[in-house]
Amino acid sequence: MEEFKKPDCPKFDIDGVINKGKQYDLDITLPEDHRNAIYGTVKNCFKEPVADAVVKLVEIVYEHGKEERRPVGHTFTDKEGEFVFGPLCPDKKYAVQIWVNDTKQIKICAKCHHEGKCLRGKDMGKCDCFAEDNKPMPRCDEDA
């Protein structure tokens, strides 16, 4: 039985620069890989995705009876709150640490009943809500 011989194909690297007038059709076959990945989504208390949260991956190692946490890497969540780490080595213990600055600013408009100089804050434009006029506010954003 005659063995079918595949034609020799040129091998080349594309370093990110593609010449004008050329199209590269790539058919990529990845080798089998049994390494793991950690994928997740960061959401706030309203179940909304959090963009730009810092997500840190640490490896947990036990040496001489003590737990040691070794940084592996970090990433940021995308606009959907998603992140991924990988490929990860099997039989290792990992932990994920997340930092979020999801502070929302709300401007409350009210009359200032304070005499004298007041603390000044950030100009936030239009009001998001209004306080009742009969409740004095302890501080305002204007000079008396």
# chains A, B, ... in the order shown; residues from 1 in each chain; ligands from 1
>>> residues_around(residues="range 85-90 of chain A", least_positions_apart="5", cutoff="10 Å", atoms="only C-alpha atoms", output="VMD selection string")
chain A and resid 33 to 40 55 to 57 72 to 75 96
>>> residues_around(residues="Thr77 in chain A", least_positions_apart="4", cutoff="8 Å", atoms="only C-alpha atoms", output="ChimeraX atom specification")
/A:41-42,50-55,81-83
>>> closest_residue(among="A:Leu30, A:Ile106, A:Ala95, A:Val100", to="Ile60 in chain A", atoms="only C-alpha atoms")
A:Ala95
